[in-house]
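*Asks:* Once you've had a glance at the structure underneath, I'll fire off some questions.
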Amino acid sequence: MWESSLLEIMAINKGYLTADRSSAGDEVYTPFYAVEPLMEFLPKDKIIWCPFDEEWSAFYRYFRENHYPVIRSSLSNAQDFFRYEPEKWDILVSNPPFSKKDDVLKRAFSFGKPFALLLPVNSIQGKARFKIFNNDIQMLVFDSRIDYHTPENMEITIKGNSFGSAYFCRDLLPTKLELRQLEKYDRPLERGDENGSNQ
Ligand SMILES: C[S@@+](CC[C@H](N)C(=O)[O-])C[C@H]1O[C@@H](n2cnc3c(N)ncnc32)[C@H](O)[C@@H]1O
């Protein structure tokens, strides 16, 4: 049990650390407690688009439960983020595939709309991203690390993550840097209703 958890942690960390070359770390899912801190900054009269999310994703479910107008899209509905855009949306919010983070950021900026993307905190540094950010980036940073779910760990997150995460935002936070405390709790991600409405 302990050994298999360790192997999973290593696989995730390896995926994230080598993510520029591999998509091994892409299938990790955000816990509910990491979505909550965004509430402070998201207006309730704007349409949120979650482009990497299923019905059961914490982002989509949490926003719906809290009466935010939210739409989602995902590869399983043949909605590739790099080709697909909903007709009407205002704010892009999600945890994107880290292996494609530069391209995701480029496309996010290309829309010219607010966004919040959850990425490893050290993504702030890098020559290519420096150009993409163009000094037009805000960060929501936490006092502790977010742990993630994986397809095999939908009940509880895998503890002991080796990297910190932050929301990289544009035109959403009141300042360039906001610091908040995470209040962690376990809430399972419940697959099911995967063929339900995506609006
Ligand atoms: C890090 S996971 C996060 C999923 C979800 N947003 C969450 O936070 O639980 C990123 C997801 O994006 C999906 N993905 C990869 N490339 C994509 C693309 N081009 N368009 C849409 N989704 C993609 C991956 O399969 C993966 O499920």
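Each chain in the structure tokens gets a letter, A, B and so on, in the order shown; residues start at 1 in every chain, and ligands are counted from 1 in the order they appear.
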Quick one: residues within 12 Å of Val104 in chain A, only C-alpha atoms, excluding same-chain residues fewer than 3 positions away - as a short mmCIF file (atom, residue, chain, number, x, y, z; two decimals) with C-alpha atoms, in the first residue's frame?
*Replies:*
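Okay, this is what ended up in around.cif:
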data_model
loop_
_atom_site.label_atom_id
_atom_site.label_comp_id
_atom_site.auth_asym_id
_atom_site.auth_seq_id
_atom_site.Cartn_x
_atom_site.Cartn_y
_atom_site.Cartn_z
CA PRO A 51 -11.93 23.86 -20.80
CA PHE A 52 -10.20 20.80 -19.33
CA ASP A 80 -9.70 20.32 -27.97
CA PHE A 81 -8.76 23.48 -26.10
CA PHE A 82 -6.50 24.54 -28.97
CA ARG A 83 -9.32 24.42 -31.51
CA LEU A 92 -11.36 30.94 -18.23
CA VAL A 93 -10.64 28.84 -15.12
CA SER A 94 -8.99 25.45 -14.79
CA ASN A 95 -6.03 23.25 -14.08
CA PRO A 96 -4.58 22.64 -17.56
CA PRO A 97 -2.34 19.81 -18.81
CA PHE A 98 1.03 20.85 -17.50
CA SER A 99 2.89 19.28 -20.41
CA LYS A 100 1.25 21.92 -22.64
CA LYS A 101 1.45 24.82 -20.23
CA ARG A 107 -3.90 30.63 -26.09
CA ALA A 108 -5.30 31.96 -22.80
CA PHE A 109 -3.62 35.32 -23.41
CA SER A 110 -4.76 35.32 -27.04
CA PHE A 111 -8.42 35.60 -25.96
CA PHE A 115 -8.21 33.77 -16.68
CA ALA A 116 -7.04 31.70 -13.70
CA LEU A 117 -4.88 28.68 -14.47
CA LEU A 118 -3.55 26.38 -11.77
CA LEU A 119 0.10 25.57 -12.45
CA ARG A 129 7.13 32.24 -20.40
CA ILE A 132 4.30 35.02 -22.90
CA PHE A 133 3.56 36.75 -19.58
CA PHE A 168 -1.68 32.21 -12.71
#
*Asks:* Just asking: which residues within chain A are strand (DSSP E or B) according to DSSP, as an MDAnalysis selection string?
*Replies:* chainID A and resid 29 48:50 70:72 91:94 115:120 138:142 148:149 158 165:170 177:180
*Asks:* For CA of Lys44 in chain A and CA of Ser165 in chain A, quote the distance in Å rounded to one decimal.
*Replies:*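 Going from CA of Lys44 in chain A over to CA of Ser165 in chain A, I get 24.7 Å.
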*Asks:* When distances are computed from only C-alpha atoms, which of A:Gln181, A:Gln79, A:Ser144, A:Thr175 shows the smallest separation from Lys159 in chain A?
*Replies:*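 Comparing A:Gln181, A:Gln79, A:Ser144, A:Thr175 against Lys159 in chain A, the winner is A:Ser144.
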*Asks:* With only C-alpha atoms as the atoms that count, which of A:Val121, A:Val28, A:Ile158, A:Leu173 lies nearest to Gln138 in chain A?
*Replies:*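 So, comparing all the options, the nearest one is A:Leu173.
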*Asks:* Hey, which of A:Lys106, A:His149, A:Lys176, A:Arg72 ends up closest to Tyr33 in chain A? Count only C-alpha atoms.
*Replies:*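 Ranked by minimum distance to Tyr33 in chain A, first place goes to A:His149.
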*Asks:* Just the helix (DSSP H, G or I) stuff from range 1-198 of chain A, please, per backbone DSSP, written as number ranges by chain.
*Replies:* A: 2-17, 32-40, 58-65, 75-77, 98-110, 121-124, 127-133
*Asks:* How many Å separate CA of Glu54 in chain A from CA of Ile124 in chain A?
*Replies:*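 That distance, rounded to one decimal, is 27.1 Å.
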*Asks:* Counting only C-alpha atoms, which of A:Glu65, A:Glu55, A:Asp136, A:Glu36 gets nearest to Gly112 in chain A?
*Replies:* A:Asp136
*Asks:* Of the candidates A:Trp49, A:Phe41, A:Trp89, A:Tyr68, which shows the shortest atom-to-atom distance to ligand 1, using only C-alpha atoms and all ligand atoms?
*Replies:* A:Trp49
*Asks:* Which distance in Å separates CA of Met39 in chain A and CA of Leu75 in chain A, to one decimal?
*Replies:*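 Separation of CA of Met39 in chain A and CA of Leu75 in chain A: 26.0 Å.
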